[in-house]
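Here is the file input16.txt (compact mmCIF, N, CA and C atoms).
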# COMPACT_ATOMS: atom_id res chain seq x y z
N MET A 1 -108.80 -28.71 -28.68
CA MET A 1 -108.49 -28.43 -27.29
C MET A 1 -108.95 -27.01 -26.95
N ILE A 2 -109.49 -26.85 -25.76
CA ILE A 2 -109.98 -25.54 -25.35
C ILE A 2 -108.92 -24.80 -24.55
N GLU A 3 -109.11 -23.50 -24.47
CA GLU A 3 -108.28 -22.65 -23.64
C GLU A 3 -109.21 -21.95 -22.67
N ILE A 4 -108.78 -21.82 -21.42
CA ILE A 4 -109.56 -21.11 -20.41
C ILE A 4 -108.70 -19.97 -19.90
N SER A 5 -109.25 -18.76 -19.93
CA SER A 5 -108.47 -17.57 -19.61
C SER A 5 -109.26 -16.65 -18.68
N THR A 6 -108.53 -15.94 -17.82
CA THR A 6 -109.14 -14.92 -16.97
C THR A 6 -108.91 -13.51 -17.54
N ASP A 7 -108.43 -13.42 -18.75
CA ASP A 7 -108.19 -12.14 -19.40
C ASP A 7 -109.53 -11.53 -19.84
N LYS A 8 -109.98 -10.51 -19.12
CA LYS A 8 -111.28 -9.91 -19.40
C LYS A 8 -111.34 -9.22 -20.76
N THR A 9 -110.19 -8.81 -21.29
CA THR A 9 -110.20 -8.14 -22.59
C THR A 9 -110.60 -9.08 -23.72
N ARG A 10 -110.54 -10.38 -23.49
CA ARG A 10 -110.92 -11.36 -24.51
C ARG A 10 -112.40 -11.70 -24.49
N LEU A 11 -113.10 -11.33 -23.43
CA LEU A 11 -114.50 -11.71 -23.28
C LEU A 11 -115.37 -11.05 -24.34
N ASP A 12 -116.31 -11.82 -24.87
CA ASP A 12 -117.25 -11.34 -25.87
C ASP A 12 -118.54 -10.95 -25.15
N LEU A 13 -118.68 -9.66 -24.85
CA LEU A 13 -119.82 -9.17 -24.08
C LEU A 13 -121.14 -9.48 -24.77
N ASP A 14 -121.19 -9.37 -26.09
CA ASP A 14 -122.43 -9.66 -26.81
C ASP A 14 -122.83 -11.12 -26.64
N LEU A 15 -121.87 -12.03 -26.74
CA LEU A 15 -122.14 -13.46 -26.55
C LEU A 15 -122.63 -13.73 -25.13
N ILE A 16 -121.90 -13.20 -24.16
CA ILE A 16 -122.24 -13.44 -22.76
C ILE A 16 -123.64 -12.90 -22.45
N HIS A 17 -123.90 -11.66 -22.84
CA HIS A 17 -125.21 -11.08 -22.59
C HIS A 17 -126.30 -11.88 -23.31
N GLY A 18 -126.07 -12.21 -24.57
CA GLY A 18 -127.06 -12.94 -25.35
C GLY A 18 -127.47 -14.26 -24.73
N LEU A 19 -126.49 -14.97 -24.16
CA LEU A 19 -126.82 -16.24 -23.52
C LEU A 19 -127.43 -16.05 -22.14
N LEU A 20 -126.86 -15.15 -21.34
CA LEU A 20 -127.36 -14.97 -19.98
C LEU A 20 -128.78 -14.43 -19.95
N THR A 21 -129.10 -13.49 -20.80
CA THR A 21 -130.42 -12.85 -20.74
C THR A 21 -131.56 -13.82 -21.06
N ASN A 22 -131.21 -14.98 -21.58
CA ASN A 22 -132.23 -15.99 -21.89
C ASN A 22 -132.21 -17.17 -20.93
N THR A 23 -131.40 -17.10 -19.87
CA THR A 23 -131.37 -18.19 -18.89
C THR A 23 -132.41 -17.96 -17.81
N TYR A 24 -132.74 -19.03 -17.08
CA TYR A 24 -133.72 -18.89 -16.00
C TYR A 24 -133.18 -18.02 -14.86
N TRP A 25 -131.86 -17.95 -14.69
CA TRP A 25 -131.32 -17.22 -13.56
C TRP A 25 -130.98 -15.76 -13.89
N ALA A 26 -130.87 -15.40 -15.16
CA ALA A 26 -130.50 -14.03 -15.50
C ALA A 26 -131.41 -13.45 -16.58
N LYS A 27 -132.59 -13.99 -16.68
CA LYS A 27 -133.53 -13.57 -17.73
C LYS A 27 -133.75 -12.06 -17.67
N GLY A 28 -133.54 -11.42 -18.81
CA GLY A 28 -133.77 -10.00 -18.90
C GLY A 28 -132.65 -9.12 -18.39
N ARG A 29 -131.55 -9.70 -17.93
CA ARG A 29 -130.43 -8.89 -17.44
C ARG A 29 -129.92 -8.01 -18.59
N THR A 30 -129.74 -6.76 -18.33
CA THR A 30 -129.31 -5.84 -19.38
C THR A 30 -127.83 -6.02 -19.70
N LYS A 31 -127.45 -5.55 -20.87
CA LYS A 31 -126.06 -5.62 -21.28
C LYS A 31 -125.19 -4.81 -20.32
N GLU A 32 -125.68 -3.64 -19.89
CA GLU A 32 -124.93 -2.81 -18.95
C GLU A 32 -124.75 -3.54 -17.61
N ALA A 33 -125.77 -4.26 -17.16
CA ALA A 33 -125.65 -5.04 -15.92
C ALA A 33 -124.64 -6.16 -16.07
N VAL A 34 -124.64 -6.84 -17.22
CA VAL A 34 -123.66 -7.91 -17.47
C VAL A 34 -122.26 -7.33 -17.45
N LYS A 35 -122.08 -6.19 -18.09
CA LYS A 35 -120.77 -5.54 -18.12
C LYS A 35 -120.30 -5.21 -16.70
N LYS A 36 -121.20 -4.71 -15.87
CA LYS A 36 -120.86 -4.36 -14.49
C LYS A 36 -120.49 -5.61 -13.68
N THR A 37 -121.21 -6.72 -13.87
CA THR A 37 -120.88 -7.94 -13.14
C THR A 37 -119.51 -8.47 -13.55
N ILE A 38 -119.16 -8.32 -14.81
CA ILE A 38 -117.84 -8.75 -15.29
C ILE A 38 -116.76 -7.88 -14.65
N THR A 39 -116.99 -6.58 -14.61
CA THR A 39 -116.02 -5.65 -14.03
C THR A 39 -115.69 -6.01 -12.59
N HIS A 40 -116.70 -6.44 -11.84
CA HIS A 40 -116.53 -6.66 -10.40
C HIS A 40 -116.38 -8.13 -10.01
N SER A 41 -116.00 -8.99 -10.95
CA SER A 41 -115.85 -10.41 -10.67
C SER A 41 -114.57 -10.95 -11.29
N LEU A 42 -114.14 -12.09 -10.79
CA LEU A 42 -113.08 -12.86 -11.45
C LEU A 42 -113.77 -13.70 -12.51
N CYS A 43 -113.41 -13.49 -13.77
CA CYS A 43 -114.13 -14.13 -14.87
C CYS A 43 -113.24 -15.13 -15.60
N PHE A 44 -113.88 -16.17 -16.11
CA PHE A 44 -113.22 -17.22 -16.86
C PHE A 44 -113.92 -17.36 -18.21
N GLY A 45 -113.18 -17.14 -19.28
CA GLY A 45 -113.70 -17.35 -20.62
C GLY A 45 -113.19 -18.68 -21.14
N VAL A 46 -114.03 -19.40 -21.86
CA VAL A 46 -113.66 -20.68 -22.47
C VAL A 46 -113.60 -20.46 -23.97
N TYR A 47 -112.48 -20.86 -24.59
CA TYR A 47 -112.25 -20.58 -26.00
C TYR A 47 -111.89 -21.85 -26.76
N LEU A 48 -112.47 -21.99 -27.92
CA LEU A 48 -112.17 -23.09 -28.84
C LEU A 48 -111.72 -22.45 -30.14
N ASP A 49 -110.49 -22.72 -30.52
CA ASP A 49 -109.91 -22.11 -31.73
C ASP A 49 -110.07 -20.59 -31.71
N GLY A 50 -109.88 -19.99 -30.54
CA GLY A 50 -109.93 -18.55 -30.40
C GLY A 50 -111.31 -17.95 -30.25
N GLU A 51 -112.35 -18.74 -30.42
CA GLU A 51 -113.73 -18.27 -30.31
C GLU A 51 -114.28 -18.61 -28.93
N GLN A 52 -114.92 -17.63 -28.28
CA GLN A 52 -115.47 -17.88 -26.95
C GLN A 52 -116.69 -18.80 -27.04
N ILE A 53 -116.65 -19.87 -26.23
CA ILE A 53 -117.76 -20.83 -26.21
C ILE A 53 -118.31 -21.05 -24.80
N GLY A 54 -117.72 -20.37 -23.81
CA GLY A 54 -118.20 -20.57 -22.44
C GLY A 54 -117.74 -19.46 -21.53
N PHE A 55 -118.30 -19.48 -20.33
CA PHE A 55 -118.07 -18.38 -19.39
C PHE A 55 -118.44 -18.83 -17.98
N ALA A 56 -117.78 -18.25 -17.01
CA ALA A 56 -118.17 -18.36 -15.61
C ALA A 56 -117.55 -17.17 -14.89
N ARG A 57 -118.18 -16.80 -13.79
CA ARG A 57 -117.60 -15.73 -12.99
C ARG A 57 -117.70 -16.07 -11.51
N ILE A 58 -116.77 -15.50 -10.77
CA ILE A 58 -116.71 -15.73 -9.33
C ILE A 58 -116.81 -14.38 -8.63
N ALA A 59 -117.78 -14.23 -7.75
CA ALA A 59 -117.84 -13.09 -6.84
C ALA A 59 -117.07 -13.53 -5.59
N THR A 60 -116.03 -12.80 -5.25
CA THR A 60 -115.15 -13.28 -4.19
C THR A 60 -114.42 -12.15 -3.47
N ASP A 61 -113.95 -12.47 -2.27
CA ASP A 61 -113.04 -11.57 -1.56
C ASP A 61 -111.59 -12.08 -1.69
N TYR A 62 -111.40 -13.17 -2.43
CA TYR A 62 -110.09 -13.77 -2.71
C TYR A 62 -109.40 -14.34 -1.47
N THR A 63 -110.12 -14.42 -0.36
CA THR A 63 -109.50 -14.88 0.88
C THR A 63 -110.33 -15.95 1.58
N VAL A 64 -111.62 -15.68 1.74
CA VAL A 64 -112.49 -16.56 2.52
C VAL A 64 -113.61 -17.15 1.68
N PHE A 65 -114.22 -16.36 0.82
CA PHE A 65 -115.48 -16.73 0.20
C PHE A 65 -115.44 -16.60 -1.31
N ALA A 66 -116.05 -17.57 -2.00
CA ALA A 66 -116.17 -17.52 -3.46
C ALA A 66 -117.57 -18.00 -3.85
N TYR A 67 -118.21 -17.25 -4.72
CA TYR A 67 -119.56 -17.58 -5.18
C TYR A 67 -119.50 -17.78 -6.69
N LEU A 68 -119.74 -19.00 -7.12
CA LEU A 68 -119.70 -19.36 -8.54
C LEU A 68 -121.01 -18.96 -9.20
N MET A 69 -120.91 -18.23 -10.33
CA MET A 69 -122.11 -17.68 -10.95
C MET A 69 -122.00 -17.69 -12.47
N ASP A 70 -123.14 -17.62 -13.12
CA ASP A 70 -123.26 -17.39 -14.56
C ASP A 70 -122.44 -18.37 -15.41
N VAL A 71 -122.45 -19.62 -15.03
CA VAL A 71 -121.69 -20.64 -15.76
C VAL A 71 -122.49 -21.09 -16.99
N PHE A 72 -121.83 -21.09 -18.16
CA PHE A 72 -122.47 -21.64 -19.34
C PHE A 72 -121.44 -22.08 -20.37
N ILE A 73 -121.83 -23.04 -21.17
CA ILE A 73 -121.17 -23.41 -22.41
C ILE A 73 -122.23 -23.23 -23.48
N VAL A 74 -121.88 -22.61 -24.61
CA VAL A 74 -122.88 -22.38 -25.66
C VAL A 74 -123.49 -23.71 -26.08
N PRO A 75 -124.77 -23.72 -26.39
CA PRO A 75 -125.48 -24.98 -26.63
C PRO A 75 -124.81 -25.94 -27.62
N GLU A 76 -124.29 -25.43 -28.72
CA GLU A 76 -123.71 -26.34 -29.72
C GLU A 76 -122.41 -27.01 -29.26
N HIS A 77 -121.86 -26.57 -28.13
CA HIS A 77 -120.62 -27.17 -27.61
C HIS A 77 -120.86 -27.91 -26.28
N GLN A 78 -122.09 -28.03 -25.86
CA GLN A 78 -122.40 -28.74 -24.62
C GLN A 78 -122.24 -30.24 -24.83
N GLY A 79 -122.01 -30.94 -23.73
CA GLY A 79 -121.90 -32.39 -23.78
C GLY A 79 -120.53 -32.90 -24.21
N LYS A 80 -119.54 -32.03 -24.23
CA LYS A 80 -118.19 -32.42 -24.66
C LYS A 80 -117.18 -32.35 -23.52
N GLY A 81 -117.66 -32.14 -22.31
CA GLY A 81 -116.77 -32.09 -21.15
C GLY A 81 -116.17 -30.72 -20.87
N TYR A 82 -116.58 -29.71 -21.63
CA TYR A 82 -115.99 -28.38 -21.44
C TYR A 82 -116.37 -27.76 -20.11
N SER A 83 -117.59 -27.99 -19.65
CA SER A 83 -117.98 -27.42 -18.35
C SER A 83 -117.17 -28.05 -17.23
N LYS A 84 -116.86 -29.32 -17.34
CA LYS A 84 -116.02 -29.97 -16.32
C LYS A 84 -114.62 -29.37 -16.32
N GLN A 85 -114.08 -29.13 -17.49
CA GLN A 85 -112.75 -28.51 -17.57
C GLN A 85 -112.78 -27.10 -16.99
N LEU A 86 -113.86 -26.40 -17.23
CA LEU A 86 -114.01 -25.05 -16.69
C LEU A 86 -114.03 -25.07 -15.17
N ILE A 87 -114.84 -25.94 -14.58
CA ILE A 87 -114.92 -26.02 -13.12
C ILE A 87 -113.60 -26.48 -12.52
N GLU A 88 -112.93 -27.43 -13.16
CA GLU A 88 -111.60 -27.86 -12.69
C GLU A 88 -110.62 -26.70 -12.68
N THR A 89 -110.64 -25.90 -13.73
CA THR A 89 -109.73 -24.75 -13.82
C THR A 89 -110.04 -23.74 -12.73
N ILE A 90 -111.32 -23.47 -12.52
CA ILE A 90 -111.72 -22.54 -11.46
C ILE A 90 -111.25 -23.05 -10.11
N ASN A 91 -111.50 -24.32 -9.84
CA ASN A 91 -111.11 -24.90 -8.55
C ASN A 91 -109.61 -24.85 -8.31
N ALA A 92 -108.82 -24.92 -9.38
CA ALA A 92 -107.36 -24.91 -9.27
C ALA A 92 -106.78 -23.50 -9.33
N SER A 93 -107.61 -22.50 -9.47
CA SER A 93 -107.14 -21.13 -9.63
C SER A 93 -106.33 -20.67 -8.41
N PRO A 94 -105.09 -20.25 -8.64
CA PRO A 94 -104.26 -19.82 -7.51
C PRO A 94 -104.85 -18.65 -6.73
N GLU A 95 -105.59 -17.77 -7.41
CA GLU A 95 -106.17 -16.60 -6.74
C GLU A 95 -107.21 -17.00 -5.70
N LEU A 96 -107.76 -18.21 -5.84
CA LEU A 96 -108.87 -18.62 -4.97
C LEU A 96 -108.48 -19.72 -3.99
N LYS A 97 -107.21 -20.05 -3.93
CA LYS A 97 -106.77 -21.19 -3.12
C LYS A 97 -107.13 -21.07 -1.64
N SER A 98 -107.12 -19.86 -1.09
CA SER A 98 -107.39 -19.74 0.34
C SER A 98 -108.88 -19.71 0.66
N CYS A 99 -109.73 -19.60 -0.35
CA CYS A 99 -111.18 -19.57 -0.10
C CYS A 99 -111.65 -20.94 0.39
N LYS A 100 -112.25 -20.94 1.55
CA LYS A 100 -112.73 -22.19 2.15
C LYS A 100 -114.23 -22.38 1.98
N VAL A 101 -114.96 -21.29 1.76
CA VAL A 101 -116.41 -21.37 1.59
C VAL A 101 -116.74 -21.02 0.14
N TRP A 102 -117.34 -22.00 -0.54
CA TRP A 102 -117.77 -21.83 -1.93
C TRP A 102 -119.26 -22.07 -1.99
N MET A 103 -119.96 -21.26 -2.77
CA MET A 103 -121.40 -21.45 -2.92
C MET A 103 -121.78 -21.26 -4.38
N LEU A 104 -122.95 -21.75 -4.71
CA LEU A 104 -123.56 -21.52 -6.00
C LEU A 104 -125.03 -21.83 -5.87
N LYS A 105 -125.79 -21.39 -6.86
CA LYS A 105 -127.21 -21.75 -6.95
C LYS A 105 -127.41 -22.41 -8.31
N THR A 106 -128.17 -23.49 -8.33
CA THR A 106 -128.50 -24.14 -9.59
C THR A 106 -129.86 -24.80 -9.48
N LEU A 107 -130.56 -24.81 -10.57
CA LEU A 107 -131.85 -25.48 -10.64
C LEU A 107 -131.71 -26.85 -11.29
N ASP A 108 -130.73 -26.99 -12.18
CA ASP A 108 -130.69 -28.19 -13.01
C ASP A 108 -129.31 -28.81 -13.24
N ALA A 109 -128.27 -28.33 -12.57
CA ALA A 109 -126.92 -28.85 -12.83
C ALA A 109 -126.28 -29.48 -11.60
N HIS A 110 -127.09 -30.01 -10.72
CA HIS A 110 -126.56 -30.62 -9.49
C HIS A 110 -125.54 -31.71 -9.79
N GLY A 111 -125.81 -32.52 -10.80
CA GLY A 111 -124.91 -33.62 -11.14
C GLY A 111 -123.51 -33.15 -11.48
N LEU A 112 -123.43 -32.05 -12.22
CA LEU A 112 -122.11 -31.50 -12.56
C LEU A 112 -121.38 -31.06 -11.30
N TYR A 113 -122.03 -30.27 -10.49
CA TYR A 113 -121.33 -29.67 -9.35
C TYR A 113 -121.03 -30.67 -8.24
N LYS A 114 -121.83 -31.70 -8.10
CA LYS A 114 -121.54 -32.72 -7.08
C LYS A 114 -120.22 -33.42 -7.37
N GLN A 115 -119.85 -33.51 -8.64
CA GLN A 115 -118.56 -34.12 -9.02
C GLN A 115 -117.38 -33.34 -8.46
N PHE A 116 -117.62 -32.08 -8.10
CA PHE A 116 -116.55 -31.21 -7.62
C PHE A 116 -116.71 -30.85 -6.15
N GLY A 117 -117.48 -31.64 -5.42
CA GLY A 117 -117.57 -31.48 -3.98
C GLY A 117 -118.70 -30.60 -3.48
N TYR A 118 -119.49 -30.04 -4.36
CA TYR A 118 -120.63 -29.24 -3.91
C TYR A 118 -121.72 -30.16 -3.39
N THR A 119 -122.39 -29.74 -2.33
CA THR A 119 -123.47 -30.52 -1.72
C THR A 119 -124.63 -29.58 -1.41
N GLU A 120 -125.76 -30.17 -1.04
CA GLU A 120 -126.84 -29.36 -0.52
C GLU A 120 -126.33 -28.75 0.79
N LEU A 121 -126.99 -27.68 1.23
CA LEU A 121 -126.57 -27.03 2.46
C LEU A 121 -126.62 -28.00 3.63
N LYS A 122 -125.54 -28.07 4.37
CA LYS A 122 -125.50 -28.93 5.56
C LYS A 122 -126.38 -28.37 6.68
N HIS A 123 -126.43 -27.04 6.75
CA HIS A 123 -127.21 -26.36 7.78
C HIS A 123 -128.00 -25.22 7.14
N PRO A 124 -129.06 -25.56 6.41
CA PRO A 124 -129.83 -24.50 5.74
C PRO A 124 -130.42 -23.49 6.71
N GLU A 125 -130.59 -23.90 7.97
CA GLU A 125 -131.14 -22.97 8.95
C GLU A 125 -130.18 -21.82 9.25
N LYS A 126 -128.91 -21.95 8.84
CA LYS A 126 -127.91 -20.90 9.05
C LYS A 126 -127.80 -19.95 7.87
N VAL A 127 -128.45 -20.28 6.77
CA VAL A 127 -128.30 -19.49 5.56
C VAL A 127 -129.57 -18.67 5.34
N MET A 128 -129.35 -17.39 5.06
CA MET A 128 -130.47 -16.51 4.78
C MET A 128 -130.20 -15.79 3.47
N GLU A 129 -131.23 -15.27 2.87
CA GLU A 129 -131.06 -14.48 1.66
C GLU A 129 -132.04 -13.32 1.69
N ARG A 130 -131.70 -12.31 0.91
CA ARG A 130 -132.56 -11.14 0.77
C ARG A 130 -132.68 -10.89 -0.74
N ILE A 131 -133.86 -11.05 -1.28
CA ILE A 131 -134.08 -10.88 -2.71
C ILE A 131 -135.01 -9.69 -2.91
N LEU A 132 -134.53 -8.72 -3.65
CA LEU A 132 -135.33 -7.53 -3.92
C LEU A 132 -135.96 -7.65 -5.28
N LYS A 133 -137.16 -7.19 -5.41
CA LYS A 133 -137.88 -7.24 -6.68
C LYS A 133 -137.71 -5.96 -7.45
Could you rewrite the structure in this file as structure tokens?
Amino acid sequence: MIEISTDKTRLDLDLIHGLLTNTYWAKGRTKEAVKKTITHSLCFGVYLDGEQIGFARIATDYTVFAYLMDVFIVPEHQGKGYSKQLIETINASPELKSCKVWMLKTLDAHGLYKQFGYTELKHPEKVMERILK
């Protein structure tokens, strides 16, 4: 059985950085940048027998908006339903109950997130982004 915790003191920064820096969405992100994102986000660690095997973070104002980011389960533990348990826990988080607008970006996990009510943008013409190089 897994445990999911928002206790940042339990997070394994080396594990998180090691996995994120090799993903398509955070390739090359420095350890210092990962540490800063953890400091400024609501974070969820996933633990199996006390060892961290997953992670997700939410950038939020805790009132209106929540942005789900950096979700992963370590490769050797994927396919066991842990990511679903993680998303369920995040969705049930009391700190985020009043947030009505949730967003995320994904290239390859649409099937997972659709199970939890995420959809393509209903009005993409209303959404803009600014990406700096």
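Note that atom CA of A:His17 and atom CA of A:Lys31 are 5.7 Å apart.
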Sorted per-residue table, stretch 78-103 of chain A near stretch 113-133 of chain A, closest atoms and distance, 8 Å, only N, CA and C atoms, as CSV:
residue,atom,partner,partner_atom,distance
A:Ile87,C,A:Phe116,CA,7.4
A:Glu88,N,A:Phe116,CA,7.6
A:Trp102,C,A:Tyr118,CA,7.5
A:Met103,CA,A:Tyr118,CA,7.9
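Here atom CA of A:Ser5 is placed at a distance of 19.8 Å from atom CA of A:Cys99.
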Among stretch 20-68 of chain A, which residues carry a DSSP assignment of alpha helix (DSSP H), reported as a ChimeraX atom specification?
/A:20,31-39
Which residue gives the smallest distance to A:Ile53 among A:Asp14, A:Glu95, A:Glu76, A:Asp7, with only C-alpha atoms counted?
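Checking each candidate against A:Ile53, we get A:Glu76 as the closest.
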Using only N, CA and C atoms, which of the listed residues (A:Leu42, A:Ala33, A:Thr23, A:Gly79) sits closest to A:Thr6?
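Comparing A:Leu42, A:Ala33, A:Thr23, A:Gly79 against A:Thr6, the winner is A:Leu42.
Restricting the calculation to only N, CA and C atoms, the smallest distance between A:Ser98 and any of A:Val64, A:Leu48, A:Leu19, A:Val74 is found for A:Val64.
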Please list as a PyMOL selection string every residue within 6.5 Å of A:Tyr47, counting only N, CA and C atoms and excluding residues in the same chain fewer than 4 positions away.
chain A and resi 1-5+51-54
Considering only C-alpha atoms, return as a list in words whatever protein or nucleic-acid residues lie within 12 Å of A:Thr37, sequence-local ones (same chain, fewer than 2 positions apart) excluded.
Lys8, Leu13, Ile16, His17, Leu20, Ala26, Arg29, Thr30, Lys31, Glu32, Ala33, Val34, Lys35, Thr39, His40, Ser41, Leu42, Cys43, Ala56, Arg57, Ile58, Ala59, Thr60, Met69 and Asp70 of chain A
Calculate how many Å separate atom C of A:Val71 from atom CA of A:Asn91, rounding to one decimal.
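So the two atoms, atom C of A:Val71 and atom CA of A:Asn91, lie 14.7 Å apart.
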Select from stretch 4-127 of chain A everything DSSP, run on the backbone, classes as strand (DSSP E), then give the selection as an MDAnalysis selection string.
chainID A and resid 4:5 42:48 51:60 65:73 101:103
Can you write stretch 81-101 of chain A from the block above with N, CA and C atoms, as a PDB file, in the first residue's frame?
ATOM      1  N   GLY A  81      -1.381   1.533 -10.880  1.00  0.00           N
ATOM      2  CA  GLY A  81      -2.481   2.363 -10.392  1.00  0.00           C
ATOM      3  C   GLY A  81      -2.060   3.474  -9.442  1.00  0.00           C
ATOM      4  N   TYR A  82      -0.762   3.641  -9.231  1.00  0.00           N
ATOM      5  CA  TYR A  82      -0.310   4.660  -8.286  1.00  0.00           C
ATOM      6  C   TYR A  82      -0.593   6.075  -8.767  1.00  0.00           C
ATOM      7  N   SER A  83      -0.478   6.313 -10.066  1.00  0.00           N
ATOM      8  CA  SER A  83      -0.761   7.663 -10.572  1.00  0.00           C
ATOM      9  C   SER A  83      -2.238   8.004 -10.378  1.00  0.00           C
ATOM     10  N   LYS A  84      -3.110   7.026 -10.530  1.00  0.00           N
ATOM     11  CA  LYS A  84      -4.536   7.274 -10.293  1.00  0.00           C
ATOM     12  C   LYS A  84      -4.788   7.619  -8.829  1.00  0.00           C
ATOM     13  N   GLN A  85      -4.138   6.899  -7.938  1.00  0.00           N
ATOM     14  CA  GLN A  85      -4.291   7.197  -6.510  1.00  0.00           C
ATOM     15  C   GLN A  85      -3.757   8.591  -6.193  1.00  0.00           C
ATOM     16  N   LEU A  86      -2.672   8.961  -6.838  1.00  0.00           N
ATOM     17  CA  LEU A  86      -2.098  10.286  -6.638  1.00  0.00           C
ATOM     18  C   LEU A  86      -3.068  11.374  -7.083  1.00  0.00           C
ATOM     19  N   ILE A  87      -3.629  11.242  -8.272  1.00  0.00           N
ATOM     20  CA  ILE A  87      -4.567  12.252  -8.781  1.00  0.00           C
ATOM     21  C   ILE A  87      -5.827  12.297  -7.923  1.00  0.00           C
ATOM     22  N   GLU A  88      -6.322  11.148  -7.493  1.00  0.00           N
ATOM     23  CA  GLU A  88      -7.486  11.120  -6.594  1.00  0.00           C
ATOM     24  C   GLU A  88      -7.198  11.878  -5.304  1.00  0.00           C
ATOM     25  N   THR A  89      -6.025  11.662  -4.743  1.00  0.00           N
ATOM     26  CA  THR A  89      -5.647  12.346  -3.503  1.00  0.00           C
ATOM     27  C   THR A  89      -5.557  13.845  -3.716  1.00  0.00           C
ATOM     28  N   ILE A  90      -4.951  14.251  -4.818  1.00  0.00           N
ATOM     29  CA  ILE A  90      -4.849  15.678  -5.128  1.00  0.00           C
ATOM     30  C   ILE A  90      -6.240  16.279  -5.272  1.00  0.00           C
ATOM     31  N   ASN A  91      -7.097  15.610  -6.017  1.00  0.00           N
ATOM     32  CA  ASN A  91      -8.452  16.130  -6.234  1.00  0.00           C
ATOM     33  C   ASN A  91      -9.247  16.253  -4.938  1.00  0.00           C
ATOM     34  N   ALA A  92      -8.974  15.394  -3.970  1.00  0.00           N
ATOM     35  CA  ALA A  92      -9.696  15.401  -2.689  1.00  0.00           C
ATOM     36  C   ALA A  92      -9.022  16.292  -1.648  1.00  0.00           C
ATOM     37  N   SER A  93      -7.929  16.934  -1.997  1.00  0.00           N
ATOM     38  CA  SER A  93      -7.175  17.734  -1.040  1.00  0.00           C
ATOM     39  C   SER A  93      -8.019  18.880  -0.488  1.00  0.00           C
ATOM     40  N   PRO A  94      -8.162  18.948   0.826  1.00  0.00           N
ATOM     41  CA  PRO A  94      -8.983  20.016   1.412  1.00  0.00           C
ATOM     42  C   PRO A  94      -8.475  21.416   1.090  1.00  0.00           C
ATOM     43  N   GLU A  95      -7.150  21.566   0.937  1.00  0.00           N
ATOM     44  CA  GLU A  95      -6.580  22.887   0.649  1.00  0.00           C
ATOM     45  C   GLU A  95      -7.016  23.421  -0.708  1.00  0.00           C
ATOM     46  N   LEU A  96      -7.448  22.515  -1.596  1.00  0.00           N
ATOM     47  CA  LEU A  96      -7.761  22.919  -2.967  1.00  0.00           C
ATOM     48  C   LEU A  96      -9.255  22.850  -3.288  1.00  0.00           C
ATOM     49  N   LYS A  97     -10.066  22.597  -2.288  1.00  0.00           N
ATOM     50  CA  LYS A  97     -11.502  22.380  -2.524  1.00  0.00           C
ATOM     51  C   LYS A  97     -12.195  23.552  -3.210  1.00  0.00           C
ATOM     52  N   SER A  98     -11.788  24.779  -2.917  1.00  0.00           N
ATOM     53  CA  SER A  98     -12.490  25.919  -3.512  1.00  0.00           C
ATOM     54  C   SER A  98     -12.014  26.244  -4.920  1.00  0.00           C
ATOM     55  N   CYS A  99     -10.923  25.637  -5.364  1.00  0.00           N
ATOM     56  CA  CYS A  99     -10.414  25.914  -6.709  1.00  0.00           C
ATOM     57  C   CYS A  99     -11.374  25.357  -7.757  1.00  0.00           C
ATOM     58  N   LYS A 100     -11.837  26.224  -8.611  1.00  0.00           N
ATOM     59  CA  LYS A 100     -12.795  25.824  -9.655  1.00  0.00           C
ATOM     60  C   LYS A 100     -12.133  25.651 -11.012  1.00  0.00           C
ATOM     61  N   VAL A 101     -10.978  26.272 -11.210  1.00  0.00           N
ATOM     62  CA  VAL A 101     -10.270  26.177 -12.485  1.00  0.00           C
ATOM     63  C   VAL A 101      -8.991  25.379 -12.256  1.00  0.00           C
TER      64      VAL A 101
END
